[in-house]
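**Student:** My structure file structure-v5.cif, mmCIF, C-alpha atoms and all ligand atoms, is below:
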data_input
loop_
_atom_site.label_atom_id
_atom_site.label_comp_id
_atom_site.auth_asym_id
_atom_site.auth_seq_id
_atom_site.Cartn_x
_atom_site.Cartn_y
_atom_site.Cartn_z
CA MET A 44 143.91 142.22 -24.21
CA GLY A 45 145.96 139.53 -25.81
CA ASN A 46 147.61 136.36 -24.60
CA ILE A 47 151.27 136.11 -23.73
CA LEU A 48 152.98 133.90 -26.29
CA LYS A 49 156.11 131.79 -25.97
CA ILE A 50 159.15 133.53 -27.46
CA TYR A 51 161.58 131.17 -29.17
CA THR A 52 165.36 131.37 -28.88
CA PRO A 53 168.04 129.99 -31.21
CA PRO A 54 168.54 127.35 -32.47
CA HIS A 55 164.73 127.22 -33.00
CA GLU A 56 164.57 126.63 -36.75
CA GLY A 57 161.72 129.08 -37.41
CA LEU A 58 164.05 131.93 -36.45
CA SER A 59 166.28 131.27 -39.45
CA LYS A 60 163.54 130.75 -42.06
CA LYS A 61 162.28 133.24 -44.61
CA CYS A 62 158.70 134.35 -43.86
CA GLU A 63 155.67 134.14 -46.16
CA PRO A 64 153.85 137.31 -47.26
CA ILE A 65 150.34 137.80 -45.86
CA LYS A 66 147.64 137.78 -48.54
CA VAL A 67 144.51 138.34 -46.48
CA VAL A 68 144.19 139.99 -43.07
CA SER A 69 142.17 137.24 -41.43
CA GLU A 70 140.68 137.22 -37.95
CA GLU A 71 143.59 134.95 -36.93
CA ILE A 72 146.12 137.54 -38.09
CA ARG A 73 144.37 140.28 -36.09
CA LYS A 74 144.30 138.04 -33.02
CA LEU A 75 147.96 137.17 -33.46
CA ALA A 76 148.81 140.90 -33.70
CA GLN A 77 147.01 141.54 -30.38
CA ASP A 78 148.80 138.62 -28.75
CA MET A 79 152.16 139.79 -30.11
CA LEU A 80 151.61 143.29 -28.74
CA ALA A 81 150.64 141.88 -25.33
CA THR A 82 153.73 139.64 -25.40
CA MET A 83 156.01 142.53 -26.39
CA TYR A 84 154.67 144.86 -23.68
CA ALA A 85 154.91 142.13 -21.03
CA ALA A 86 158.52 141.26 -21.90
CA PRO A 87 159.06 144.28 -22.07
CA GLY A 88 160.47 145.02 -25.50
CA VAL A 89 160.19 147.57 -28.32
CA GLY A 90 159.59 145.11 -31.16
CA LEU A 91 158.51 141.54 -31.84
CA ALA A 92 158.30 139.66 -35.13
CA ALA A 93 155.93 136.79 -35.92
CA PRO A 94 158.70 134.16 -36.38
CA GLN A 95 159.81 134.83 -32.80
CA VAL A 96 156.50 133.42 -31.60
CA GLY A 97 156.37 130.51 -34.04
CA HIS A 98 154.64 132.02 -37.11
CA ASN A 99 156.67 132.33 -40.30
CA ILE A 100 154.62 135.14 -41.80
CA CYS A 101 155.63 138.71 -42.66
CA MET A 102 154.38 140.65 -39.67
CA PHE A 103 155.89 142.48 -36.74
CA VAL A 104 154.82 144.83 -34.00
CA ILE A 105 156.75 147.82 -32.69
CA ASP A 106 156.33 150.46 -30.02
CA VAL A 107 159.19 152.90 -29.55
CA SER A 108 157.24 155.40 -27.41
CA GLU A 109 159.15 156.61 -24.37
CA GLU A 110 158.32 155.73 -20.81
CA GLY A 111 155.54 157.94 -19.51
CA GLN A 112 154.13 158.49 -23.00
CA ASN A 113 150.99 156.77 -24.24
CA ASN A 114 151.59 153.50 -26.06
CA GLN A 115 152.05 153.90 -29.81
CA PRO A 116 151.62 150.37 -31.14
CA LEU A 117 152.52 149.82 -34.75
CA VAL A 118 151.58 146.62 -36.58
CA MET A 119 153.33 146.18 -39.91
CA LEU A 120 152.40 143.48 -42.43
CA ASN A 121 154.50 142.69 -45.53
CA PRO A 122 156.86 145.58 -44.80
CA ARG A 123 159.62 146.64 -47.16
CA ILE A 124 162.16 149.43 -47.11
CA THR A 125 161.74 151.89 -49.98
CA TRP A 126 164.57 154.26 -49.09
CA GLU A 127 167.46 154.40 -46.68
CA SER A 128 169.90 157.14 -45.77
CA ASP A 129 173.62 156.95 -46.46
CA GLU A 130 174.15 158.20 -42.93
CA GLU A 131 174.41 155.34 -40.49
CA ARG A 132 173.69 154.81 -36.83
CA ASN A 133 175.41 152.56 -34.37
CA TYR A 134 173.16 151.14 -31.68
CA SER A 135 173.50 148.52 -28.97
CA GLU A 136 170.75 146.13 -30.08
CA GLY A 137 169.06 143.42 -28.10
CA CYS A 138 166.31 140.97 -28.99
CA LEU A 139 163.61 139.15 -27.06
CA SER A 140 164.77 135.96 -28.82
CA VAL A 141 168.35 136.45 -27.63
CA PRO A 142 167.83 137.36 -23.96
CA GLY A 143 170.61 138.90 -21.89
CA VAL A 144 172.77 139.83 -24.86
CA PHE A 145 173.51 143.10 -26.64
CA ALA A 146 175.74 144.03 -29.58
CA GLN A 147 176.59 147.22 -31.44
CA ILE A 148 175.01 147.04 -34.90
CA THR A 149 175.40 149.64 -37.66
CA ARG A 150 172.44 150.36 -39.93
CA PRO A 151 171.12 153.29 -41.99
CA LYS A 152 170.02 156.07 -39.64
CA ARG A 153 166.88 157.02 -41.50
CA ILE A 154 164.52 154.94 -43.63
CA LYS A 155 161.23 155.00 -45.47
CA ALA A 156 159.12 151.87 -45.51
CA GLU A 157 155.87 150.66 -46.98
CA TYR A 158 153.60 148.13 -45.28
CA MET A 159 150.02 146.90 -45.00
CA ASP A 160 148.02 147.71 -41.88
CA LEU A 161 145.45 145.48 -40.16
CA ASP A 162 142.72 146.98 -42.37
CA GLY A 163 144.56 145.82 -45.47
CA ASN A 164 145.54 149.36 -46.46
CA THR A 165 148.99 150.30 -47.73
CA GLN A 166 150.80 152.72 -45.42
CA THR A 167 154.13 154.49 -45.62
CA ILE A 168 156.30 155.44 -42.71
CA GLU A 169 159.46 157.49 -42.39
CA GLY A 170 161.58 157.25 -39.31
CA ASP A 171 165.01 157.77 -37.87
CA ASN A 172 167.06 156.66 -34.87
CA LEU A 173 165.33 154.05 -32.67
CA LEU A 174 162.30 153.67 -34.96
CA ALA A 175 164.52 153.14 -38.02
CA THR A 176 166.81 150.74 -36.17
CA CYS A 177 163.83 148.83 -34.82
CA ILE A 178 162.08 148.46 -38.19
CA GLN A 179 165.31 147.18 -39.77
CA HIS A 180 165.92 144.76 -36.89
CA GLU A 181 162.38 143.36 -37.20
CA LEU A 182 162.67 143.17 -40.99
CA ASP A 183 165.77 141.02 -40.52
CA HIS A 184 163.64 138.55 -38.53
CA LEU A 185 161.31 138.17 -41.53
CA SER A 186 164.23 137.06 -43.68
CA GLY A 187 165.45 134.63 -41.05
CA LYS A 188 168.18 136.82 -39.66
CA LEU A 189 169.00 137.74 -36.06
CA PHE A 190 171.10 140.73 -35.03
CA ILE A 191 173.81 138.32 -33.88
CA ASP A 192 174.08 137.18 -37.51
CA ARG A 193 175.45 140.64 -38.28
CA VAL A 194 178.61 140.21 -36.21
CA SER A 195 181.62 137.95 -36.81
CA ARG A 196 181.12 134.22 -36.35
CA LEU A 197 183.45 134.19 -33.35
CA ARG A 198 181.56 136.97 -31.66
CA ARG A 199 178.24 135.35 -32.56
CA ASP A 200 179.28 132.10 -30.84
CA MET A 201 180.36 134.09 -27.80
CA LEU A 202 177.01 135.92 -27.65
CA LEU A 203 175.10 132.62 -27.93
CA LYS A 204 177.12 131.20 -25.03
CA LYS A 205 176.32 134.28 -23.00
CA MET A 206 172.63 133.94 -23.88
CA ASN A 207 172.53 130.30 -22.77
CA LYS A 208 174.18 131.22 -19.49
CA HIS A 209 171.62 133.99 -19.01
CA ILE A 210 168.71 131.63 -19.72
CA LYS A 211 170.08 129.02 -17.30
CA SER A 212 170.58 131.51 -14.50
CA ASN A 213 167.01 132.77 -14.98
CA THR A 214 165.33 129.38 -14.92
CA SER A 215 167.14 127.64 -12.06
CA ASP A 216 165.64 128.86 -8.82
NI NI B 301 164.60 140.75 -32.41
#
Reformat the file's structure so that it appears as structure tokens.

**Tutor:**
Amino acid sequence: MGNILKIYTPPHEGLSKKCEPIKVVSEEIRKLAQDMLATMYAAPGVGLAAPQVGHNICMFVIDVSEEGQNNQPLVMLNPRITWESDEERNYSEGCLSVPGVFAQITRPKRIKAEYMDLDGNTQTIEGDNLLATCIQHELDHLSGKLFIDRVSRLRRDMLLKKMNKHIKSNTSD
């Protein structure tokens, strides 16, 4: 079992920085992956990227299994998209770093990606719908981008206001 980590919210500067590729899968990286999974499940959420918990390295965890199914944790290091469909999908995205806020985001519906697993092996994955949306959302984090950066500036400001209200109302008891 891993530890629950603090999840940062904007304007935390690490959320808007480009992440560094991982060269060696060290014991620290493995431990961080366990902690990130524990943090994601506790939230609960379907994805969490390293910069959200204060580490600007190219790694994220995902689990898009449905309720009642066994967990299907996926840890992706140095991921990159190798193919994306022309067909798009519109989905109401949320993010553990932007609590209480959702926005319709359009992205390719189906993708192929390549990544390194925790054993240092190269893996490929093909996915559509929620898995594809989730991988693309997490990839954005690694280049310093949040889903609210994909809407107009006006709407982004509105969503940030809403987030701050949500955080306030959840911390003042
Ligand atoms: Ni996110």

**Student:** Which polymer residues have any atom within 7 Å of an atom of range 114-119 of chain A, counting all atoms listed in the file, with same-chain residues fewer than 2 positions away left out, as a JSON list (two decimals) with C-alpha atoms, in the frame of the given file?

**Tutor:**
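Written output follows (result-v9.json):
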[["chain", "number", "residue", "atom", "x", "y", "z"],
["A", 76, "ALA", "CA", 148.81, 140.90, -33.70],
["A", 102, "MET", "CA", 154.38, 140.65, -39.67],
["A", 103, "PHE", "CA", 155.89, 142.48, -36.74],
["A", 104, "VAL", "CA", 154.82, 144.83, -34.00],
["A", 105, "ILE", "CA", 156.75, 147.82, -32.69],
["A", 106, "ASP", "CA", 156.33, 150.46, -30.02],
["A", 108, "SER", "CA", 157.24, 155.40, -27.41],
["A", 112, "GLN", "CA", 154.13, 158.49, -23.00],
["A", 121, "ASN", "CA", 154.50, 142.69, -45.53],
["A", 122, "PRO", "CA", 156.86, 145.58, -44.80],
["A", 158, "TYR", "CA", 153.60, 148.13, -45.28],
["A", 159, "MET", "CA", 150.02, 146.90, -45.00],
["A", 160, "ASP", "CA", 148.02, 147.71, -41.88]]

**Student:** May I have the residues within 10 Å of Met206 in chain A as an MDAnalysis selection string, using all atoms listed in the file and disregarding those fewer than 5 positions away in the same chain?

**Tutor:** chainID A and resid 52:53 140:145 200:201 211:212

**Student:** Do you know which residues are within 10 Å of ligand NI 301 (chain B) using all atoms listed in the file? Can you write them as a PyMOL selection string?

**Tutor:** chain A and resi 58+88-92+94-95+103+136-142+177-184+188-191

**Student:** Might you pull out every residue within 7 Å of Ile47 in chain A, with all atoms listed in the file counted and same-chain residues fewer than 5 positions away left off, and present them as a ChimeraX atom specification?

**Tutor:** /A:78,81-82

**Student:** Nearest to Ser195 in chain A: which of A:Leu174, A:Ala146, A:Ile124, A:Ile50 is it, counting only C-alpha atoms?

**Tutor:**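 Using only C-alpha atoms, the shortest distance to Ser195 in chain A belongs to A:Ala146.
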
**Student:** Just give me the gap between CA of Leu197 in chain A and CA of Ser128 in chain A in Å, one decimal is fine.

**Tutor:**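 The value is 29.4 Å.
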
**Student:** Given the choices A:Trp126, A:Arg199, A:Glu71, A:Ser135, which gets closest to Gly170 in chain A if the distance is worked out from all atoms listed in the file?

**Tutor:**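 Of A:Trp126, A:Arg199, A:Glu71, A:Ser135, the one nearest Gly170 in chain A is A:Trp126, counting all atoms listed in the file.
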
**Student:** To one decimal place, how far is CA of Leu80 in chain A from CA of His209 in chain A in Å?

**Tutor:**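 Here the two named atoms are 24.1 Å from each other.
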
**Student:** Of the residues A:Ile168, A:Ser186, A:Gly97, A:Val194, which is the one nearest to Thr149 in chain A, using only C-alpha atoms?

**Tutor:** A:Val194

**Student:** Tell me, in Å to one decimal, how far CA of Ala156 in chain A is from CA of Glu127 in chain A.

**Tutor:**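 So the answer is 8.8 Å.
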
**Student:** For each of A:Cys62, A:Leu173, A:Leu202, A:Ile210, take the minimum atom-to-atom distance to Glu109 in chain A, counting only C-alpha atoms, then give the residue where this is smallest.

**Tutor:**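 Among the listed residues, A:Leu173 lies closest to Glu109 in chain A.
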
**Student:** Could you tell me which of A:Ile72, A:Leu48, A:Val67, A:Ile148 comes closest to Asn164 in chain A if we count all atoms listed in the file?

**Tutor:**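 Once distances to Asn164 in chain A are computed over all atoms listed in the file, the minimum belongs to A:Val67.
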
**Student:** Using only C-alpha atoms, find the one residue out of A:Asp171, A:Pro64, A:Gln77, A:Pro151 that sits nearest to Leu120 in chain A.

**Tutor:** A:Pro64
